[in-house]
$ cat final_0.cif   # mmCIF, all heavy atoms
data_query
#
loop_
_atom_site.label_atom_id
_atom_site.label_comp_id
_atom_site.auth_asym_id
_atom_site.auth_seq_id
_atom_site.Cartn_x
_atom_site.Cartn_y
_atom_site.Cartn_z
N MET A 59 -16.22 110.69 -127.29
CA MET A 59 -15.22 111.71 -126.99
C MET A 59 -14.12 111.09 -126.13
O MET A 59 -14.39 110.29 -125.25
CB MET A 59 -15.88 112.86 -126.24
CG MET A 59 -14.96 113.99 -125.98
SD MET A 59 -15.91 115.42 -125.49
CE MET A 59 -14.61 116.56 -125.31
N ASP A 60 -12.89 111.53 -126.40
CA ASP A 60 -11.75 111.00 -125.67
C ASP A 60 -11.45 111.90 -124.48
O ASP A 60 -10.75 112.90 -124.59
CB ASP A 60 -10.54 110.90 -126.62
CG ASP A 60 -9.37 110.20 -125.96
OD1 ASP A 60 -9.56 109.63 -124.87
OD2 ASP A 60 -8.27 110.23 -126.52
N TYR A 61 -11.98 111.54 -123.32
CA TYR A 61 -11.80 112.37 -122.13
C TYR A 61 -10.38 112.25 -121.56
O TYR A 61 -9.92 113.12 -120.84
CB TYR A 61 -12.80 111.99 -121.05
CG TYR A 61 -14.20 112.39 -121.41
CD1 TYR A 61 -15.13 111.45 -121.82
CD2 TYR A 61 -14.59 113.72 -121.33
CE1 TYR A 61 -16.42 111.82 -122.16
CE2 TYR A 61 -15.88 114.10 -121.66
CZ TYR A 61 -16.79 113.15 -122.08
OH TYR A 61 -18.05 113.51 -122.39
N LYS A 62 -9.71 111.17 -121.89
CA LYS A 62 -8.36 110.96 -121.39
C LYS A 62 -7.39 112.03 -121.91
O LYS A 62 -6.49 112.45 -121.21
CB LYS A 62 -7.88 109.56 -121.81
CG LYS A 62 -6.50 109.23 -121.33
CD LYS A 62 -6.11 107.85 -121.78
CE LYS A 62 -4.68 107.57 -121.36
NZ LYS A 62 -4.19 106.33 -121.89
N ALA A 63 -7.58 112.46 -123.14
CA ALA A 63 -6.65 113.40 -123.76
C ALA A 63 -6.98 114.86 -123.43
O ALA A 63 -6.23 115.75 -123.79
CB ALA A 63 -6.66 113.21 -125.27
N SER A 64 -8.05 115.12 -122.73
CA SER A 64 -8.41 116.51 -122.44
C SER A 64 -7.78 116.98 -121.13
O SER A 64 -7.48 116.19 -120.24
CB SER A 64 -9.93 116.65 -122.34
OG SER A 64 -10.39 115.90 -121.25
N GLY A 65 -7.55 118.26 -121.03
CA GLY A 65 -7.00 118.83 -119.80
C GLY A 65 -5.48 118.91 -119.83
O GLY A 65 -4.83 118.52 -120.80
N ALA A 66 -4.93 119.42 -118.76
CA ALA A 66 -3.48 119.60 -118.67
C ALA A 66 -2.81 118.25 -118.43
O ALA A 66 -3.37 117.38 -117.78
CB ALA A 66 -3.16 120.55 -117.54
N PRO A 67 -1.59 118.09 -118.92
CA PRO A 67 -0.89 116.83 -118.69
C PRO A 67 -0.49 116.69 -117.22
O PRO A 67 -0.18 117.69 -116.55
CB PRO A 67 0.34 116.94 -119.57
CG PRO A 67 0.55 118.39 -119.77
CD PRO A 67 -0.82 119.01 -119.74
N LYS A 68 -0.51 115.49 -116.72
CA LYS A 68 -0.12 115.23 -115.33
C LYS A 68 1.38 114.92 -115.32
O LYS A 68 1.82 113.94 -115.89
CB LYS A 68 -0.93 114.08 -114.77
CG LYS A 68 -2.40 114.43 -114.69
CD LYS A 68 -3.19 113.34 -114.05
CE LYS A 68 -4.56 113.85 -113.75
NZ LYS A 68 -5.60 113.29 -114.51
N LEU A 69 2.13 115.77 -114.64
CA LEU A 69 3.58 115.61 -114.61
C LEU A 69 3.99 114.79 -113.40
O LEU A 69 3.25 114.67 -112.44
CB LEU A 69 4.25 116.99 -114.56
CG LEU A 69 3.90 117.91 -115.73
CD1 LEU A 69 4.52 119.26 -115.52
CD2 LEU A 69 4.35 117.30 -117.03
N GLY A 70 5.20 114.27 -113.44
CA GLY A 70 5.85 113.47 -112.43
C GLY A 70 5.15 113.29 -111.10
O GLY A 70 5.23 114.14 -110.24
N LYS A 71 4.48 112.20 -110.91
CA LYS A 71 3.72 111.98 -109.68
C LYS A 71 4.62 111.64 -108.49
O LYS A 71 4.23 111.83 -107.36
CB LYS A 71 2.71 110.87 -109.90
CG LYS A 71 1.65 111.23 -110.90
CD LYS A 71 0.63 110.16 -111.01
CE LYS A 71 -0.43 110.58 -112.01
NZ LYS A 71 -1.63 109.84 -111.94
N ASN A 72 5.79 111.11 -108.75
CA ASN A 72 6.66 110.70 -107.66
C ASN A 72 7.66 111.78 -107.25
O ASN A 72 8.56 111.53 -106.48
CB ASN A 72 7.43 109.44 -108.04
CG ASN A 72 6.50 108.25 -108.17
OD1 ASN A 72 5.48 108.21 -107.50
ND2 ASN A 72 6.84 107.31 -109.00
N GLN A 73 7.51 112.98 -107.77
CA GLN A 73 8.41 114.07 -107.46
C GLN A 73 7.79 114.96 -106.37
O GLN A 73 6.62 115.28 -106.45
CB GLN A 73 8.66 114.93 -108.70
CG GLN A 73 9.46 114.23 -109.77
CD GLN A 73 10.91 114.12 -109.39
OE1 GLN A 73 11.38 114.76 -108.47
NE2 GLN A 73 11.63 113.27 -110.11
N PRO A 74 8.57 115.36 -105.37
CA PRO A 74 8.05 116.31 -104.40
C PRO A 74 7.89 117.69 -105.05
O PRO A 74 8.55 118.00 -106.04
CB PRO A 74 9.12 116.34 -103.31
CG PRO A 74 10.35 115.88 -103.97
CD PRO A 74 9.93 114.93 -105.06
N ARG A 75 7.04 118.51 -104.50
CA ARG A 75 6.80 119.84 -105.06
C ARG A 75 7.99 120.76 -104.83
O ARG A 75 8.17 121.74 -105.53
CB ARG A 75 5.55 120.45 -104.46
CG ARG A 75 4.30 119.73 -104.90
CD ARG A 75 3.07 120.44 -104.39
NE ARG A 75 1.88 119.70 -104.76
CZ ARG A 75 1.13 120.02 -105.79
NH1 ARG A 75 1.42 121.05 -106.53
NH2 ARG A 75 0.06 119.31 -106.06
N HIS A 76 8.77 120.49 -103.82
CA HIS A 76 9.95 121.30 -103.54
C HIS A 76 11.02 120.41 -102.91
O HIS A 76 10.73 119.33 -102.44
CB HIS A 76 9.61 122.45 -102.58
CG HIS A 76 9.15 121.96 -101.25
ND1 HIS A 76 7.86 121.53 -101.02
CD2 HIS A 76 9.80 121.82 -100.07
CE1 HIS A 76 7.74 121.14 -99.76
NE2 HIS A 76 8.90 121.31 -99.17
N SER A 77 12.25 120.89 -102.90
CA SER A 77 13.32 120.11 -102.27
C SER A 77 13.53 120.63 -100.85
O SER A 77 13.44 121.83 -100.59
CB SER A 77 14.60 120.23 -103.07
OG SER A 77 15.02 121.58 -103.12
N GLU A 78 13.80 119.72 -99.95
CA GLU A 78 14.02 120.10 -98.55
C GLU A 78 15.39 120.75 -98.41
O GLU A 78 16.32 120.41 -99.12
CB GLU A 78 13.96 118.86 -97.66
CG GLU A 78 12.59 118.22 -97.62
CD GLU A 78 11.55 119.08 -96.94
OE1 GLU A 78 11.91 119.89 -96.06
OE2 GLU A 78 10.38 118.98 -97.31
N HIS A 79 15.51 121.68 -97.48
CA HIS A 79 16.77 122.39 -97.31
C HIS A 79 17.85 121.50 -96.70
O HIS A 79 19.03 121.76 -96.86
CB HIS A 79 16.58 123.64 -96.45
CG HIS A 79 16.31 123.35 -95.01
ND1 HIS A 79 15.06 122.97 -94.55
CD2 HIS A 79 17.10 123.37 -93.93
CE1 HIS A 79 15.12 122.77 -93.25
NE2 HIS A 79 16.35 123.01 -92.84
N ASN A 80 17.46 120.45 -96.00
CA ASN A 80 18.44 119.54 -95.39
C ASN A 80 18.22 118.11 -95.86
O ASN A 80 18.38 117.18 -95.11
CB ASN A 80 18.35 119.62 -93.86
CG ASN A 80 16.98 119.23 -93.35
OD1 ASN A 80 16.05 119.11 -94.13
ND2 ASN A 80 16.84 119.04 -92.07
N ALA A 81 17.89 117.98 -97.13
CA ALA A 81 17.62 116.66 -97.69
C ALA A 81 18.89 115.81 -97.70
O ALA A 81 19.99 116.32 -97.82
CB ALA A 81 17.08 116.79 -99.10
N LYS A 82 18.73 114.51 -97.55
CA LYS A 82 19.85 113.58 -97.57
C LYS A 82 20.52 113.65 -98.94
O LYS A 82 19.86 113.56 -99.96
CB LYS A 82 19.33 112.17 -97.31
CG LYS A 82 20.37 111.20 -96.88
CD LYS A 82 20.77 111.44 -95.45
CE LYS A 82 21.63 110.30 -94.96
NZ LYS A 82 22.53 110.71 -93.92
N GLY A 83 21.84 113.85 -98.94
CA GLY A 83 22.58 113.93 -100.19
C GLY A 83 22.80 115.35 -100.67
O GLY A 83 23.40 115.57 -101.71
N SER A 84 22.35 116.36 -99.91
CA SER A 84 22.58 117.75 -100.30
C SER A 84 23.88 118.24 -99.68
O SER A 84 24.58 117.51 -98.98
CB SER A 84 21.41 118.62 -99.84
OG SER A 84 21.31 118.57 -98.43
N LYS A 85 24.25 119.49 -99.93
CA LYS A 85 25.49 120.05 -99.37
C LYS A 85 25.45 120.06 -97.85
O LYS A 85 26.43 119.77 -97.19
CB LYS A 85 25.69 121.49 -99.85
CG LYS A 85 26.28 121.60 -101.22
CD LYS A 85 26.55 123.05 -101.53
CE LYS A 85 27.10 123.22 -102.92
NZ LYS A 85 27.32 124.62 -103.24
N LYS A 86 24.30 120.40 -97.27
CA LYS A 86 24.20 120.49 -95.82
C LYS A 86 24.15 119.12 -95.15
O LYS A 86 24.48 118.99 -93.98
CB LYS A 86 22.95 121.28 -95.42
CG LYS A 86 23.05 122.74 -95.73
CD LYS A 86 21.86 123.48 -95.18
CE LYS A 86 21.98 124.96 -95.44
NZ LYS A 86 20.88 125.70 -94.85
N ASN A 87 23.72 118.09 -95.85
CA ASN A 87 23.58 116.76 -95.28
C ASN A 87 24.04 115.71 -96.29
O ASN A 87 23.23 115.03 -96.89
CB ASN A 87 22.11 116.54 -94.88
CG ASN A 87 21.93 115.32 -94.04
OD1 ASN A 87 22.88 114.69 -93.62
ND2 ASN A 87 20.69 114.97 -93.79
N PRO A 88 25.37 115.57 -96.49
CA PRO A 88 25.84 114.61 -97.49
C PRO A 88 25.60 113.17 -97.07
O PRO A 88 25.37 112.88 -95.90
CB PRO A 88 27.34 114.91 -97.57
CG PRO A 88 27.67 115.60 -96.31
CD PRO A 88 26.44 116.31 -95.86
N TYR A 89 25.65 112.28 -98.06
CA TYR A 89 25.37 110.86 -97.80
C TYR A 89 26.40 110.23 -96.87
O TYR A 89 26.07 109.42 -96.04
CB TYR A 89 25.33 110.07 -99.10
CG TYR A 89 24.07 110.26 -99.89
CD1 TYR A 89 24.11 110.78 -101.17
CD2 TYR A 89 22.85 109.91 -99.37
CE1 TYR A 89 22.97 110.95 -101.89
CE2 TYR A 89 21.69 110.08 -100.08
CZ TYR A 89 21.74 110.60 -101.35
OH TYR A 89 20.61 110.77 -102.06
N ASP A 90 27.69 110.62 -97.03
CA ASP A 90 28.73 109.95 -96.26
C ASP A 90 28.86 110.47 -94.84
O ASP A 90 29.63 109.94 -94.05
CB ASP A 90 30.08 110.06 -96.99
CG ASP A 90 30.50 111.50 -97.18
OD1 ASP A 90 29.67 112.41 -97.01
OD2 ASP A 90 31.69 111.73 -97.52
N LYS A 91 28.13 111.51 -94.48
CA LYS A 91 28.21 112.06 -93.13
C LYS A 91 27.25 111.30 -92.22
O LYS A 91 26.05 111.28 -92.45
CB LYS A 91 27.82 113.55 -93.16
CG LYS A 91 27.81 114.20 -91.81
CD LYS A 91 27.32 115.63 -91.94
CE LYS A 91 26.59 116.01 -90.70
NZ LYS A 91 25.77 117.17 -90.85
N GLY A 92 27.80 110.68 -91.19
CA GLY A 92 26.96 109.95 -90.25
C GLY A 92 26.68 110.80 -89.03
O GLY A 92 27.32 111.83 -88.80
N ALA A 93 25.73 110.40 -88.24
CA ALA A 93 25.42 111.12 -87.01
C ALA A 93 26.57 110.92 -86.04
O ALA A 93 27.09 109.81 -85.90
CB ALA A 93 24.12 110.60 -86.43
N ASP A 94 27.00 111.98 -85.38
CA ASP A 94 28.12 111.91 -84.47
C ASP A 94 27.63 111.41 -83.11
O ASP A 94 27.22 112.18 -82.26
CB ASP A 94 28.78 113.28 -84.34
CG ASP A 94 30.10 113.21 -83.60
OD1 ASP A 94 30.56 112.09 -83.34
OD2 ASP A 94 30.65 114.27 -83.30
N LYS A 95 27.65 110.11 -82.94
CA LYS A 95 27.13 109.49 -81.72
C LYS A 95 28.03 109.75 -80.52
O LYS A 95 27.56 109.80 -79.40
CB LYS A 95 26.98 107.98 -81.91
CG LYS A 95 26.07 107.60 -83.05
CD LYS A 95 24.66 107.47 -82.61
CE LYS A 95 23.84 107.03 -83.80
NZ LYS A 95 22.52 106.80 -83.58
N ALA A 96 29.33 109.91 -80.76
CA ALA A 96 30.27 110.11 -79.65
C ALA A 96 29.97 111.42 -78.93
O ALA A 96 29.96 111.47 -77.69
CB ALA A 96 31.70 110.10 -80.17
N ALA A 97 29.70 112.48 -79.70
CA ALA A 97 29.39 113.78 -79.09
C ALA A 97 28.08 113.70 -78.32
O ALA A 97 27.95 114.26 -77.22
CB ALA A 97 29.32 114.86 -80.16
N LEU A 98 27.10 113.01 -78.88
CA LEU A 98 25.81 112.84 -78.20
C LEU A 98 25.99 112.07 -76.90
O LEU A 98 25.44 112.44 -75.86
CB LEU A 98 24.83 112.11 -79.12
CG LEU A 98 23.50 111.71 -78.52
CD1 LEU A 98 22.69 112.94 -78.12
CD2 LEU A 98 22.72 110.86 -79.47
N LEU A 99 26.79 111.02 -76.93
CA LEU A 99 27.02 110.21 -75.75
C LEU A 99 27.71 111.02 -74.65
O LEU A 99 27.35 110.93 -73.48
CB LEU A 99 27.86 108.98 -76.12
CG LEU A 99 28.03 107.93 -75.04
CD1 LEU A 99 26.67 107.40 -74.61
CD2 LEU A 99 28.90 106.81 -75.53
N GLU A 100 28.67 111.84 -75.02
CA GLU A 100 29.35 112.70 -74.05
C GLU A 100 28.38 113.68 -73.40
O GLU A 100 28.41 113.90 -72.19
CB GLU A 100 30.50 113.46 -74.72
CG GLU A 100 31.67 112.59 -75.06
CD GLU A 100 32.31 111.98 -73.82
OE1 GLU A 100 32.45 112.67 -72.80
OE2 GLU A 100 32.66 110.78 -73.88
N ARG A 101 27.50 114.28 -74.21
CA ARG A 101 26.50 115.22 -73.66
C ARG A 101 25.56 114.51 -72.70
O ARG A 101 25.19 115.04 -71.66
CB ARG A 101 25.71 115.87 -74.79
CG ARG A 101 26.47 116.90 -75.57
CD ARG A 101 25.55 117.80 -76.38
NE ARG A 101 24.48 117.11 -77.06
CZ ARG A 101 24.50 116.74 -78.33
NH1 ARG A 101 25.55 116.99 -79.07
NH2 ARG A 101 23.48 116.12 -78.87
N MET A 102 25.15 113.30 -73.07
CA MET A 102 24.24 112.54 -72.21
C MET A 102 24.90 112.16 -70.89
O MET A 102 24.29 112.25 -69.83
CB MET A 102 23.75 111.28 -72.94
CG MET A 102 22.80 111.56 -74.07
SD MET A 102 22.40 110.11 -75.05
CE MET A 102 21.58 109.09 -73.87
N LYS A 103 26.17 111.76 -70.96
CA LYS A 103 26.90 111.42 -69.74
C LYS A 103 27.08 112.63 -68.84
O LYS A 103 26.92 112.54 -67.62
CB LYS A 103 28.27 110.82 -70.08
CG LYS A 103 28.19 109.41 -70.58
CD LYS A 103 29.58 108.87 -70.87
CE LYS A 103 29.50 107.44 -71.39
NZ LYS A 103 30.84 106.92 -71.69
N ALA A 104 27.38 113.78 -69.43
CA ALA A 104 27.55 115.01 -68.66
C ALA A 104 26.23 115.41 -68.00
O ALA A 104 26.20 115.83 -66.83
CB ALA A 104 28.05 116.13 -69.55
N ALA A 105 25.14 115.27 -68.71
CA ALA A 105 23.82 115.62 -68.15
C ALA A 105 23.45 114.67 -67.03
O ALA A 105 22.92 115.10 -66.00
CB ALA A 105 22.77 115.58 -69.26
N ALA A 106 23.75 113.37 -67.20
CA ALA A 106 23.44 112.40 -66.16
C ALA A 106 24.29 112.66 -64.92
O ALA A 106 23.80 112.56 -63.78
CB ALA A 106 23.68 110.99 -66.68
N ALA A 107 25.56 113.02 -65.12
CA ALA A 107 26.43 113.31 -63.97
C ALA A 107 25.97 114.55 -63.24
O ALA A 107 25.98 114.60 -62.01
CB ALA A 107 27.86 113.48 -64.48
N ALA A 108 25.54 115.57 -63.98
CA ALA A 108 25.06 116.81 -63.37
C ALA A 108 23.77 116.55 -62.59
O ALA A 108 23.57 117.11 -61.50
CB ALA A 108 24.84 117.87 -64.42
N LYS A 109 22.92 115.70 -63.12
CA LYS A 109 21.66 115.39 -62.44
C LYS A 109 21.93 114.57 -61.18
O LYS A 109 21.29 114.77 -60.15
CB LYS A 109 20.72 114.64 -63.38
CG LYS A 109 19.34 114.48 -62.85
CD LYS A 109 18.41 113.93 -63.91
CE LYS A 109 17.00 113.90 -63.37
NZ LYS A 109 16.03 113.48 -64.37
N ALA A 110 22.87 113.64 -61.24
CA ALA A 110 23.19 112.79 -60.08
C ALA A 110 23.87 113.61 -58.98
O ALA A 110 23.74 113.32 -57.80
CB ALA A 110 24.10 111.65 -60.52
N LYS A 111 24.59 114.64 -59.40
CA LYS A 111 25.31 115.49 -58.46
C LYS A 111 24.33 116.35 -57.63
O LYS A 111 24.60 116.62 -56.46
CB LYS A 111 26.26 116.40 -59.24
CG LYS A 111 27.26 117.15 -58.42
CD LYS A 111 28.24 117.78 -59.39
CE LYS A 111 28.73 119.10 -58.88
NZ LYS A 111 29.63 119.73 -59.84
N ASP A 112 23.22 116.71 -58.21
CA ASP A 112 22.22 117.56 -57.51
C ASP A 112 21.44 116.86 -56.45
O ASP A 112 21.27 115.78 -56.23
CB ASP A 112 21.23 118.16 -58.51
CG ASP A 112 21.87 119.24 -59.33
OD1 ASP A 112 22.89 119.79 -58.90
OD2 ASP A 112 21.33 119.54 -60.41
#

$ encode --input "final_0.cif" --output "structure tokens"
Amino acid sequence: MDYKASGAPKLGKNQPRHSEHNAKGSKKNPYDKGADKAALLERMKAAAAAKAKD
């Protein structure tokens, strides 16, 4: 008996079951958009200044 041919076919093993809402390359997170490091650096500097001031 050919057990290999029995049962349901196995579909795409390398595919995720669902797509992430913020996946790289989607509308919310396009490939050409980089992380805004300047804004992060400003926030960090402001937090450090506020902490040093206390």

$ atom_distance --input "final_0.cif" --atom1 "atom CG of Leu69 of chain A" --atom2 "atom C of Ala81 of chain A"
23.5 Å

$ atom_distance --input "final_0.cif" --atom1 "atom O of Lys91 of chain A" --atom2 "atom O of His79 of chain A"
13.4 Å

$ atom_distance --input "final_0.cif" --atom1 "atom CA of Ala63 of chain A" --atom2 "atom CA of His76 of chain A"
27.3 Å

$ decode --input "final_0.cif" --residues "segment 76-93 of chain A" --atoms "N, CA and C atoms" --output "compact mmCIF listing (two decimals), in the first residue's frame"
# COMPACT_ATOMS: atom_id res chain seq x y z
N HIS A 76 -0.43 33.23 9.26
CA HIS A 76 -1.08 34.53 9.10
C HIS A 76 0.00 35.59 8.86
N SER A 77 -0.41 36.74 8.37
CA SER A 77 0.55 37.81 8.16
C SER A 77 0.51 38.76 9.35
N GLU A 78 1.65 39.25 9.74
CA GLU A 78 1.73 40.17 10.87
C GLU A 78 1.20 41.53 10.46
N HIS A 79 0.61 42.24 11.41
CA HIS A 79 0.02 43.54 11.09
C HIS A 79 1.10 44.60 10.83
N ASN A 80 2.30 44.40 11.34
CA ASN A 80 3.38 45.36 11.13
C ASN A 80 4.59 44.69 10.49
N ALA A 81 4.31 43.78 9.58
CA ALA A 81 5.39 43.05 8.92
C ALA A 81 6.24 43.98 8.06
N LYS A 82 7.52 43.67 7.94
CA LYS A 82 8.44 44.47 7.13
C LYS A 82 7.97 44.42 5.68
N GLY A 83 7.83 45.59 5.06
CA GLY A 83 7.40 45.66 3.68
C GLY A 83 5.91 45.88 3.52
N SER A 84 5.16 46.03 4.62
CA SER A 84 3.73 46.30 4.53
C SER A 84 3.50 47.81 4.51
N LYS A 85 2.24 48.23 4.43
CA LYS A 85 1.93 49.67 4.41
C LYS A 85 2.38 50.35 5.69
N LYS A 86 2.19 49.70 6.83
CA LYS A 86 2.55 50.31 8.11
C LYS A 86 4.05 50.33 8.34
N ASN A 87 4.80 49.44 7.72
CA ASN A 87 6.24 49.35 7.94
C ASN A 87 6.94 49.08 6.61
N PRO A 88 7.06 50.10 5.74
CA PRO A 88 7.68 49.87 4.43
C PRO A 88 9.17 49.59 4.55
N TYR A 89 9.72 49.00 3.49
CA TYR A 89 11.14 48.63 3.49
C TYR A 89 12.06 49.84 3.58
N ASP A 90 11.69 50.95 2.90
CA ASP A 90 12.59 52.09 2.84
C ASP A 90 12.54 52.97 4.09
N LYS A 91 11.63 52.69 5.01
CA LYS A 91 11.52 53.50 6.22
C LYS A 91 12.49 52.96 7.27
N GLY A 92 13.42 53.80 7.68
CA GLY A 92 14.37 53.39 8.71
C GLY A 92 13.93 53.87 10.07
N ALA A 93 14.51 53.35 11.10
CA ALA A 93 14.20 53.80 12.45
C ALA A 93 14.73 55.21 12.63
